[in-house]
$ cat entry.cif   # mmCIF, C-alpha atoms and all ligand atoms
data_entry
loop_
_atom_site.label_atom_id
_atom_site.label_comp_id
_atom_site.auth_asym_id
_atom_site.auth_seq_id
_atom_site.Cartn_x
_atom_site.Cartn_y
_atom_site.Cartn_z
CA MET A 21 116.44 95.24 114.06
CA ARG A 22 118.83 97.86 112.76
CA ALA A 23 118.04 99.25 109.31
CA MET A 24 118.97 102.15 107.05
CA VAL A 25 115.80 103.92 106.01
CA LEU A 26 114.92 106.37 103.25
CA GLU A 27 112.33 108.78 104.66
CA HIS A 28 112.64 111.81 102.39
CA PRO A 29 114.11 111.49 98.88
CA GLY A 30 116.90 114.01 98.46
CA GLU A 31 118.00 113.55 102.07
CA PRO A 32 120.43 110.99 103.50
CA VAL A 33 119.23 107.52 104.45
CA ARG A 34 119.29 107.29 108.22
CA ALA A 35 119.82 104.61 110.82
CA ALA A 36 116.67 103.36 112.52
CA THR A 37 115.61 100.61 114.87
CA LEU A 38 112.56 98.88 113.42
CA PRO A 39 110.44 96.02 114.75
CA ASP A 40 111.67 92.65 113.47
CA PRO A 41 109.65 91.80 110.34
CA THR A 42 107.19 88.91 110.59
CA PRO A 43 106.88 86.58 107.58
CA GLY A 44 103.38 86.31 106.14
CA PRO A 45 102.02 83.24 104.31
CA GLY A 46 104.53 82.10 101.66
CA GLN A 47 107.22 84.46 102.89
CA LEU A 48 110.67 83.64 104.23
CA LEU A 49 112.32 85.43 107.13
CA LEU A 50 115.93 86.00 106.14
CA GLU A 51 118.93 87.17 108.10
CA VAL A 52 120.71 89.54 105.71
CA ALA A 53 124.33 88.49 105.21
CA ALA A 54 125.14 91.01 102.45
CA CYS A 55 123.27 93.53 100.33
CA ALA A 56 124.85 95.13 97.29
CA VAL A 57 124.16 98.76 96.42
CA CYS A 58 122.53 99.45 93.04
CA ARG A 59 122.36 102.65 91.03
CA THR A 60 118.57 102.36 91.38
CA ASP A 61 118.99 102.77 95.16
CA LEU A 62 120.85 105.98 94.41
CA HIS A 63 118.09 107.19 92.06
CA LEU A 64 115.50 106.51 94.81
CA ARG A 65 117.70 108.27 97.39
CA ASP A 66 118.16 111.27 95.07
CA GLY A 67 114.46 111.44 94.13
CA GLU A 68 115.12 110.69 90.45
CA ILE A 69 112.66 107.81 90.48
CA ASP A 70 109.49 107.63 92.54
CA ALA A 71 109.46 105.98 95.93
CA PRO A 72 105.74 105.15 96.42
CA LYS A 73 106.25 103.70 99.90
CA LEU A 74 107.94 105.94 102.43
CA PRO A 75 109.70 105.36 104.67
CA VAL A 76 111.32 102.43 102.89
CA VAL A 77 114.30 100.17 103.56
CA LEU A 78 116.32 100.25 100.33
CA GLY A 79 118.27 97.32 98.88
CA HIS A 80 117.40 94.65 96.33
CA GLN A 81 120.56 92.58 95.93
CA ILE A 82 120.18 90.60 99.13
CA VAL A 83 121.98 87.45 100.18
CA GLY A 84 120.19 86.06 103.23
CA ARG A 85 119.78 82.91 105.27
CA THR A 86 116.73 81.24 106.71
CA GLU A 87 116.73 80.09 110.32
CA ASP A 88 117.54 76.55 109.13
CA GLY A 89 120.57 77.77 107.16
CA ARG A 90 119.31 77.84 103.56
CA ARG A 91 120.90 80.64 101.51
CA TYR A 92 118.81 82.68 99.08
CA GLY A 93 119.15 85.71 96.87
CA VAL A 94 116.40 88.32 96.89
CA PRO A 95 116.31 90.38 93.67
CA TRP A 96 114.43 93.49 92.51
CA LEU A 97 111.33 91.59 91.34
CA GLY A 98 109.54 90.91 94.62
CA PHE A 99 105.98 90.09 93.57
CA THR A 100 103.83 89.68 90.46
CA ASP A 101 100.10 88.96 90.19
CA GLY A 102 100.60 86.00 87.84
CA THR A 103 97.36 86.84 86.03
CA CYS A 104 97.85 89.97 83.92
CA HIS A 105 98.51 89.95 80.17
CA TYR A 106 102.27 90.22 80.67
CA CYS A 107 102.49 87.49 83.30
CA ARG A 108 100.46 85.15 81.10
CA THR A 109 102.78 85.76 78.14
CA GLY A 110 106.10 85.08 79.87
CA ARG A 111 106.90 88.73 80.56
CA GLU A 112 106.44 89.01 84.30
CA ASN A 113 109.12 91.73 84.27
CA LEU A 114 106.37 94.00 82.88
CA CYS A 115 103.60 92.86 85.31
CA VAL A 116 101.12 95.68 85.85
CA ASN A 117 100.89 94.86 89.57
CA ALA A 118 104.57 94.09 90.16
CA GLN A 119 106.15 95.04 93.46
CA PHE A 120 109.83 95.67 93.72
CA THR A 121 112.18 94.89 96.60
CA GLY A 122 113.64 97.96 98.28
CA ARG A 123 111.00 100.21 96.71
CA ASP A 124 107.50 98.77 97.29
CA ILE A 125 108.68 96.13 99.78
CA ASP A 126 111.26 96.82 102.50
CA GLY A 127 114.63 95.58 101.28
CA GLY A 128 118.03 94.55 102.47
CA TYR A 129 119.66 97.60 104.05
CA ALA A 130 118.75 95.89 107.34
CA GLU A 131 119.65 93.00 109.61
CA LEU A 132 116.48 91.06 108.69
CA THR A 133 114.07 90.99 105.77
CA VAL A 134 111.05 89.00 104.62
CA ALA A 135 110.56 87.93 101.01
CA ASP A 136 108.03 85.95 98.98
CA GLU A 137 109.63 82.52 98.66
CA ARG A 138 108.47 82.22 95.02
CA PHE A 139 110.72 85.15 94.07
CA CYS A 140 113.78 84.09 96.10
CA LEU A 141 116.62 82.62 94.06
CA PRO A 142 118.71 79.66 95.26
CA LEU A 143 122.39 80.64 95.06
CA PRO A 144 125.35 78.65 93.73
CA ASP A 145 127.67 77.12 96.35
CA GLY A 146 131.30 78.00 96.73
CA LEU A 147 131.16 81.79 96.65
CA PRO A 148 131.06 84.06 99.69
CA ASP A 149 127.91 86.10 100.40
CA GLU A 150 129.47 89.46 99.59
CA GLN A 151 130.78 88.24 96.22
CA LEU A 152 127.34 86.92 95.24
CA ALA A 153 125.29 89.98 96.19
CA PRO A 154 126.19 92.12 93.12
CA LEU A 155 125.03 89.28 90.84
CA LEU A 156 121.46 89.84 92.01
CA CYS A 157 120.76 93.02 90.04
CA GLY A 158 123.84 94.25 88.20
CA GLY A 159 124.43 90.70 87.03
CA LEU A 160 120.83 89.59 86.39
CA ILE A 161 119.54 92.69 84.64
CA GLY A 162 122.88 93.13 82.89
CA TYR A 163 122.49 89.61 81.58
CA ARG A 164 118.97 90.34 80.37
CA ALA A 165 120.39 93.37 78.53
CA LEU A 166 123.15 91.22 77.05
CA ARG A 167 120.55 88.76 75.73
CA MET A 168 118.78 91.68 74.02
CA THR A 169 121.92 92.22 71.93
CA GLY A 170 121.36 88.85 70.23
CA ASP A 171 124.51 87.42 68.71
CA ALA A 172 126.33 90.77 68.50
CA GLU A 173 130.03 90.02 68.11
CA ARG A 174 131.44 93.47 68.78
CA LEU A 175 129.83 94.80 71.95
CA GLY A 176 130.18 98.23 73.56
CA LEU A 177 129.56 98.74 77.29
CA TYR A 178 128.91 102.34 78.35
CA GLY A 179 129.36 102.99 82.07
CA PHE A 180 131.74 100.43 83.53
CA GLY A 181 130.35 99.81 87.03
CA SER A 182 128.83 96.85 88.83
CA ALA A 183 126.74 95.50 85.93
CA ALA A 184 129.28 96.10 83.15
CA HIS A 185 132.21 94.58 85.04
CA GLN A 186 130.19 91.35 85.33
CA ILE A 187 128.72 91.39 81.81
CA CYS A 188 132.17 92.06 80.32
CA GLN A 189 133.31 88.72 81.76
CA VAL A 190 130.23 86.90 80.43
CA ALA A 191 130.55 88.44 76.96
CA VAL A 192 134.26 87.57 76.71
CA HIS A 193 133.45 84.02 77.86
CA GLN A 194 130.90 83.84 75.03
CA GLY A 195 133.61 84.83 72.55
CA ARG A 196 132.45 88.41 71.95
CA THR A 197 134.80 91.36 71.58
CA VAL A 198 134.13 93.99 74.26
CA PHE A 199 134.79 97.72 73.96
CA ALA A 200 134.47 99.53 77.31
CA PHE A 201 133.48 103.20 77.53
CA THR A 202 134.04 105.22 80.70
CA ARG A 203 133.86 108.86 81.69
CA PRO A 204 136.44 110.68 79.52
CA GLY A 205 139.84 110.61 81.22
CA ASP A 206 138.99 107.80 83.67
CA GLY A 207 142.16 105.81 82.98
CA ARG A 208 141.78 103.79 86.18
CA THR A 209 138.41 102.33 85.11
CA GLN A 210 139.71 101.79 81.57
CA GLN A 211 142.56 99.69 83.01
CA PHE A 212 140.04 97.82 85.15
CA ALA A 213 137.97 97.00 82.03
CA LYS A 214 141.03 95.72 80.18
CA SER A 215 141.95 93.54 83.16
CA LEU A 216 138.54 91.86 82.76
CA GLY A 217 139.07 91.10 79.09
CA ALA A 218 137.90 94.22 77.23
CA ALA A 219 139.74 94.44 73.90
CA TRP A 220 139.68 98.24 74.01
CA ALA A 221 138.75 100.84 76.61
CA GLY A 222 138.36 104.57 76.20
CA GLY A 223 136.23 107.59 76.97
CA SER A 224 132.56 107.75 75.97
CA ASP A 225 133.53 110.58 73.59
CA GLU A 226 135.94 108.32 71.69
CA ALA A 227 135.38 105.98 68.75
CA PRO A 228 136.14 102.27 69.24
CA PRO A 229 138.61 100.59 66.82
CA GLU A 230 135.72 99.08 64.82
CA ALA A 231 132.01 99.73 64.39
CA MET A 232 129.96 97.80 66.95
CA ASP A 233 127.08 95.35 66.53
CA ALA A 234 125.49 96.40 69.82
CA ALA A 235 126.00 98.68 72.78
CA ILE A 236 124.57 98.42 76.29
CA ILE A 237 124.23 101.67 78.22
CA PHE A 238 124.48 101.17 81.97
CA ALA A 239 125.17 104.82 82.77
CA SER A 240 122.27 107.21 83.29
CA ALA A 241 123.38 109.99 80.91
CA GLY A 242 120.94 110.34 77.99
CA PRO A 243 123.53 111.87 75.61
CA LEU A 244 125.26 108.46 75.57
CA VAL A 245 122.38 107.07 73.47
CA PRO A 246 123.05 109.05 70.27
CA ALA A 247 126.81 108.79 70.99
CA ALA A 248 126.57 105.00 70.99
CA LEU A 249 124.24 104.98 68.00
CA THR A 250 126.84 106.69 65.82
CA GLN A 251 129.33 103.90 66.62
CA LEU A 252 127.01 101.07 65.49
CA ALA A 253 127.28 99.05 62.29
CA PRO A 254 124.04 98.72 60.27
CA GLY A 255 121.54 96.44 62.01
CA GLY A 256 123.05 97.28 65.40
CA THR A 257 121.15 97.83 68.66
CA VAL A 258 121.56 100.21 71.57
CA VAL A 259 120.15 98.67 74.75
CA CYS A 260 119.42 101.04 77.65
CA ALA A 261 119.73 98.96 80.81
CA GLY A 262 119.00 101.49 83.54
CA ILE A 263 115.69 102.40 85.15
CA HIS A 264 116.38 106.13 84.91
CA MET A 265 118.19 108.23 82.33
CA SER A 266 118.45 111.95 81.72
CA ASP A 267 116.78 113.20 78.53
CA ILE A 268 118.12 111.89 75.24
CA PRO A 269 119.14 114.72 72.88
CA SER A 270 117.71 114.72 69.36
CA PHE A 271 119.83 113.27 66.58
CA PRO A 272 119.71 112.96 62.78
CA TYR A 273 117.56 110.16 61.38
CA ASP A 274 120.60 109.05 59.37
CA ASP A 275 122.11 107.74 62.63
CA LEU A 276 119.15 105.38 63.10
CA TRP A 277 118.82 104.45 59.43
CA GLY A 278 120.18 101.07 58.37
CA GLU A 279 117.92 99.07 60.71
CA ARG A 280 119.65 100.29 63.82
CA SER A 281 117.45 100.23 66.92
CA ILE A 282 117.24 101.63 70.43
CA ARG A 283 115.45 99.75 73.18
CA SER A 284 115.20 99.57 76.95
CA VAL A 285 115.33 96.64 79.33
CA ALA A 286 112.97 96.68 82.29
CA ASN A 287 113.38 94.64 85.47
CA LEU A 288 113.87 90.88 85.33
CA THR A 289 111.97 87.63 85.20
CA ARG A 290 112.66 84.76 87.58
CA GLU A 291 113.87 82.81 84.56
CA ASP A 292 116.56 85.47 83.94
CA GLY A 293 117.66 84.92 87.53
CA HIS A 294 117.90 81.15 87.34
CA GLU A 295 119.67 81.30 83.97
CA PHE A 296 122.26 83.85 85.05
CA LEU A 297 122.96 82.21 88.41
CA ALA A 298 123.61 78.91 86.59
CA LEU A 299 125.91 80.62 84.07
CA ALA A 300 127.88 82.80 86.52
CA PRO A 301 129.94 79.99 88.11
CA GLU A 302 130.74 78.57 84.66
CA VAL A 303 132.27 81.82 83.37
CA PRO A 304 133.22 82.27 86.26
CA VAL A 305 132.03 85.80 87.03
CA ARG A 306 134.29 87.31 89.68
CA THR A 307 132.93 90.46 91.28
CA THR A 308 135.15 93.28 92.46
CA ILE A 309 133.63 94.70 95.63
CA THR A 310 134.10 97.37 98.26
CA THR A 311 132.39 96.52 101.54
CA TYR A 312 130.78 98.93 104.00
CA PRO A 313 129.16 98.36 107.38
CA LEU A 314 125.36 98.77 107.24
CA ALA A 315 125.56 102.10 109.09
CA GLN A 316 127.66 103.55 106.24
CA ALA A 317 124.98 103.04 103.58
CA GLU A 318 124.84 106.78 102.87
CA GLN A 319 128.63 106.83 102.33
CA ALA A 320 128.35 103.85 99.96
CA LEU A 321 125.70 105.73 97.96
CA ALA A 322 127.84 108.88 97.88
CA ASP A 323 130.85 106.86 96.69
CA LEU A 324 128.70 105.28 93.95
CA ARG A 325 127.53 108.74 92.85
CA ALA A 326 131.15 109.94 92.75
CA GLY A 327 132.50 106.86 90.96
CA ALA A 328 134.90 106.38 93.86
CA PHE A 329 135.31 102.58 93.59
CA GLU A 330 135.55 99.93 90.86
CA GLY A 331 132.89 97.25 90.62
CA ALA A 332 130.18 97.13 93.30
CA ALA A 333 129.58 98.38 96.84
CA VAL A 334 128.27 95.81 99.30
CA LEU A 335 126.75 96.47 102.73
CA LEU A 336 127.46 94.00 105.50
CA PRO A 337 124.81 94.22 108.28
ZN ZN A 401 101.17 90.36 86.10
ZN ZN A 402 119.21 97.21 90.80
#
$ encode --input "entry.cif" --output "structure tokens" --more "lines below"
Ligand SMILES: [Zn+2]
Ligand SMILES: [Zn+2]
Amino acid sequence: MRAMVLEHPGEPVRAATLPDPTPGPGQLLLEVAACAVCRTDLHLRDGEIDAPKLPVVLGHQIVGRTEDGRRYGVPWLGFTDGTCHYCRTGRENLCVNAQFTGRDIDGGYAELTVADERFCLPLPDGLPDEQLAPLLCGGLIGYRALRMTGDAERLGLYGFGSAAHQICQVAVHQGRTVFAFTRPGDGRTQQFAKSLGAAWAGGSDEAPPEAMDAAIIFASAGPLVPAALTQLAPGGTVVCAGIHMSDIPSFPYDDLWGERSIRSVANLTREDGHEFLALAPEVPVRTTITTYPLAQAEQALADLRAGAFEGAAVLLP
């Protein structure tokens, strides 16, 4: 099969011909119809997070079909032991022996993939493969982050890419008021956010029209954490939704005082997946995508790094 492989972090992913994967016990062999590109793929490619298995086929937002035509989504969480303290307490996202798709297990930048059936998610009917793919990480983990904001009415989204453009639609559907923060001067993305229901959009260096009850940070710039904190009402929460972030600068304790909090969100549980995939068609979440042929995976990653498109990039093998 054809695949795009990461061999050396810091260097481009390259085209390779690999043996067709063989499903083991409990695994499904899937023909990859679409695989969305996640910022985590970019962090692996750039060596900002560890890639323990090299070479590796990146990609963990996979829409694939079995030989008998069943359609599944394969997300980031690829395996858990089911026995550790976290698994036994409903927090399999923190499993100490977790394996992640496109990092520990070869992923979806390929024509074929195998996945543990227990971690594959049935997908809602009626949406094309390429529209569904970005739901499988940006959507799922974004939704987990949104849940961590509780009943926050005034919600800030920092970094308006694949996850935020989906979560903006969900939050508006839930009756929340969304403030979208982009790179300063990025009027195009600010317009995009408003078109999806954001009540206000501006640069990350600007103040929203009102104090916020929560903010979710999807971008990987640590200085956004204290910036968001200063825009929170008392009792507010900053949720960091990415797997990697540059260092967070120090800030005065006064900014945290008033029962404000900062927390991270790690990975997903299967329950998050089922819940979000049931909710998405109700909203309905409509993804904005830019498609690339599989062979242009490196270009898709470069365009993500440069902020060259709105919404999500999707590879079509
Ligand atoms: Zn576990
Ligand atoms: Zn991801």
$ atom_distance --input "entry.cif" --atom1 "CA of Asp275 in chain A" --atom2 "CA of Ala253 in chain A"
10.1 Å
$ atom_distance --input "entry.cif" --atom1 "CA of Pro72 in chain A" --atom2 "CA of His264 in chain A"
15.7 Å
$ closest_residue --input "entry.cif" --among "A:Thr109, A:Ser224, A:Thr169, A:Thr133" --to "Thr42 in chain A" --atoms "all atoms listed in the file"
A:Thr133
$ residues_near_ligand --input "entry.cif" --ligand "ligand ZN 402 (chain A)" --cutoff "12 Å" --atoms "all atoms listed in the file" --output "ChimeraX atom specification"
/A:55-64,78-82,94-97,120-123,127,153-162,182-183,238,261-264,286-288,332
$ residues_around --input "entry.cif" --residues "Leu216 in chain A" --least-positions-apart "6" --cutoff "12 Å" --atoms "only C-alpha atoms" --output "PDB file with C-alpha atoms, in the coordinates of the input"
ATOM      1  CA  PHE A 180     131.740 100.430  83.530  1.00  0.00           C
ATOM      2  CA  ALA A 184     129.280  96.100  83.150  1.00  0.00           C
ATOM      3  CA  HIS A 185     132.210  94.580  85.040  1.00  0.00           C
ATOM      4  CA  GLN A 186     130.190  91.350  85.330  1.00  0.00           C
ATOM      5  CA  ILE A 187     128.720  91.390  81.810  1.00  0.00           C
ATOM      6  CA  CYS A 188     132.170  92.060  80.320  1.00  0.00           C
ATOM      7  CA  GLN A 189     133.310  88.720  81.760  1.00  0.00           C
ATOM      8  CA  VAL A 190     130.230  86.900  80.430  1.00  0.00           C
ATOM      9  CA  ALA A 191     130.550  88.440  76.960  1.00  0.00           C
ATOM     10  CA  VAL A 192     134.260  87.570  76.710  1.00  0.00           C
ATOM     11  CA  HIS A 193     133.450  84.020  77.860  1.00  0.00           C
ATOM     12  CA  THR A 197     134.800  91.360  71.580  1.00  0.00           C
ATOM     13  CA  VAL A 198     134.130  93.990  74.260  1.00  0.00           C
ATOM     14  CA  PHE A 199     134.790  97.720  73.960  1.00  0.00           C
ATOM     15  CA  ALA A 200     134.470  99.530  77.310  1.00  0.00           C
ATOM     16  CA  THR A 209     138.410 102.330  85.110  1.00  0.00           C
ATOM     17  CA  GLN A 210     139.710 101.790  81.570  1.00  0.00           C
ATOM     18  CA  VAL A 303     132.270  81.820  83.370  1.00  0.00           C
ATOM     19  CA  PRO A 304     133.220  82.270  86.260  1.00  0.00           C
ATOM     20  CA  VAL A 305     132.030  85.800  87.030  1.00  0.00           C
ATOM     21  CA  ARG A 306     134.290  87.310  89.680  1.00  0.00           C
ATOM     22  CA  THR A 307     132.930  90.460  91.280  1.00  0.00           C
ATOM     23  CA  THR A 308     135.150  93.280  92.460  1.00  0.00           C
ATOM     24  CA  GLU A 330     135.550  99.930  90.860  1.00  0.00           C
ATOM     25  CA  GLY A 331     132.890  97.250  90.620  1.00  0.00           C
TER      26      GLY A 331
END
$ closest_residue --input "entry.cif" --among "A:Gly93, A:Pro254, A:Gly98, A:Pro204" --to "Pro144 in chain A" --atoms "only C-alpha atoms"
A:Gly93
$ closest_residue --input "entry.cif" --among "A:Cys107, A:Ala35, A:Ala135, A:Val25" --to "ligand ZN 401 (chain A)" --atoms "only C-alpha atoms and all ligand atoms"
A:Cys107
$ axis_aligned_box --input "entry.cif" --around "range 226-231 of chain A" --padding-each-side "3 Å" --output "JSON"
{"center_x": 135.3, "center_y": 103.7, "center_z": 68.0, "size_x": 12.6, "size_y": 15.2, "size_z": 13.3}
$ residues_near_ligand --input "entry.cif" --ligand "ligand ZN 401 (chain A)" --cutoff "8 Å" --atoms "only C-alpha atoms and all ligand atoms" --output "list in words"
Thr100, Asp101, Gly102, Thr103, Cys104, His105, Tyr106, Cys107, Arg108, Glu112, Leu114, Cys115, Val116, Asn117 and Ala118 of chain A
$ atom_distance --input "entry.cif" --atom1 "CA of Glu173 in chain A" --atom2 "CA of Gln211 in chain A"
21.7 Å
$ closest_atom_pairs --input "entry.cif" --of "range 127-243 of chain A" --to "range 279-285 of chain A" --cutoff "12 Å" --atoms "all atoms listed in the file" --output "JSON lines"
{"residue": "A:Leu160", "atom": "CA", "partner": "A:Val285", "partner_atom": "CA", "distance": 11.4}
{"residue": "A:Ile161", "atom": "CA", "partner": "A:Val285", "partner_atom": "CA", "distance": 7.8}
{"residue": "A:Gly162", "atom": "CA", "partner": "A:Val285", "partner_atom": "CA", "distance": 9.1}
{"residue": "A:Tyr163", "atom": "CA", "partner": "A:Val285", "partner_atom": "CA", "distance": 10.3}
{"residue": "A:Arg164", "atom": "CA", "partner": "A:Val285", "partner_atom": "CA", "distance": 7.3}
{"residue": "A:Ala165", "atom": "CA", "partner": "A:Val285", "partner_atom": "CA", "distance": 6.1}
{"residue": "A:Leu166", "atom": "CA", "partner": "A:Val285", "partner_atom": "CA", "distance": 9.8}
{"residue": "A:Arg167", "atom": "CA", "partner": "A:Val285", "partner_atom": "CA", "distance": 10.1}
{"residue": "A:Met168", "atom": "CA", "partner": "A:Val285", "partner_atom": "CA", "distance": 8.0}
{"residue": "A:Thr169", "atom": "CA", "partner": "A:Arg283", "partner_atom": "CA", "distance": 10.0}
{"residue": "A:Met232", "atom": "CA", "partner": "A:Arg280", "partner_atom": "CA", "distance": 11.1}
{"residue": "A:Asp233", "atom": "CA", "partner": "A:Arg280", "partner_atom": "CA", "distance": 9.3}
{"residue": "A:Ala234", "atom": "CA", "partner": "A:Arg280", "partner_atom": "CA", "distance": 9.2}
{"residue": "A:Ala235", "atom": "CA", "partner": "A:Ile282", "partner_atom": "CA", "distance": 9.5}
{"residue": "A:Ile236", "atom": "CA", "partner": "A:Ser284", "partner_atom": "CA", "distance": 9.5}
{"residue": "A:Ile237", "atom": "CA", "partner": "A:Ser284", "partner_atom": "CA", "distance": 9.4}
{"residue": "A:Phe238", "atom": "CA", "partner": "A:Val285", "partner_atom": "CA", "distance": 10.5}
$ closest_residue --input "entry.cif" --among "A:Glu150, A:Arg91, A:Ala53, A:Gln47" --to "Arg138 in chain A" --atoms "all atoms listed in the file"
A:Gln47
$ closest_residue --input "entry.cif" --among "A:Gly256, A:Gly207, A:Pro29, A:Gly84" --to "Pro148 in chain A" --atoms "all atoms listed in the file"
A:Gly84
$ closest_residue --input "entry.cif" --among "A:Ala322, A:Leu244, A:Leu335, A:Ala219" --to "Arg203 in chain A" --atoms "only C-alpha atoms"
A:Leu244
$ residues_around --input "entry.cif" --residues "Ala315 in chain A" --least-positions-apart "2" --cutoff "8 Å" --atoms "only C-alpha atoms" --output "list in words"
Met24, Ala35, Tyr312, Pro313, Ala317, Glu318 and Pro337 of chain A
$ closest_atom_pairs --input "entry.cif" --of "range 103-192 of chain A" --to "range 248-251 of chain A" --cutoff "10 Å" --atoms "only C-alpha atoms" --output "tab-separated table"
residue	atom	partner	partner_atom	distance
A:Gly176	CA	A:Ala248	CA	8.1
A:Leu177	CA	A:Ala248	CA	9.4
A:Tyr178	CA	A:Ala248	CA	8.2
$ write_last_selection --input "entry.cif" --atoms "C-alpha atoms" --output "PDB file, keeping the file's coordinate frame"
ATOM      1  CA  GLY A 176     130.180  98.230  73.560  1.00  0.00           C
ATOM      2  CA  LEU A 177     129.560  98.740  77.290  1.00  0.00           C
ATOM      3  CA  TYR A 178     128.910 102.340  78.350  1.00  0.00           C
TER       4      TYR A 178
END
$ decode --input "entry.cif" --residues "range 34-45 of chain A" --atoms "N, CA and C atoms" --output "CSV table (one decimal), in the first residue's frame"
chain,number,residue,atom,x,y,z
A,34,ARG,N,7.6,11.2,4.1
A,34,ARG,CA,7.9,10.9,2.7
A,34,ARG,C,7.0,9.7,2.3
A,35,ALA,N,6.8,9.6,1.0
A,35,ALA,CA,6.0,8.6,0.4
A,35,ALA,C,6.7,7.3,0.5
A,36,ALA,N,6.0,6.2,0.8
A,36,ALA,CA,6.6,4.9,0.9
A,36,ALA,C,5.6,3.9,0.4
A,37,THR,N,6.1,2.7,0.0
A,37,THR,CA,5.3,1.6,-0.3
A,37,THR,C,5.5,0.6,0.8
A,38,LEU,N,4.5,0.3,1.6
A,38,LEU,CA,4.6,-0.6,2.7
A,38,LEU,C,3.8,-1.9,2.4
A,39,PRO,N,4.1,-3.0,3.1
A,39,PRO,CA,3.3,-4.2,3.0
A,39,PRO,C,1.9,-3.9,3.5
A,40,ASP,N,0.9,-4.5,2.8
A,40,ASP,CA,-0.5,-4.3,3.3
A,40,ASP,C,-0.6,-4.8,4.8
A,41,PRO,N,-1.2,-4.0,5.7
A,41,PRO,CA,-1.3,-4.5,7.1
A,41,PRO,C,-2.2,-5.6,7.2
A,42,THR,N,-1.9,-6.5,8.2
A,42,THR,CA,-2.8,-7.7,8.4
A,42,THR,C,-3.4,-7.5,9.8
A,43,PRO,N,-4.8,-7.6,9.8
A,43,PRO,CA,-5.5,-7.4,11.1
A,43,PRO,C,-5.2,-8.6,12.0
A,44,GLY,N,-4.8,-8.3,13.3
A,44,GLY,CA,-4.7,-9.3,14.3
A,44,GLY,C,-6.0,-9.6,14.9
A,45,PRO,N,-6.1,-10.4,16.0
A,45,PRO,CA,-7.3,-10.7,16.7
A,45,PRO,C,-8.0,-9.5,17.2
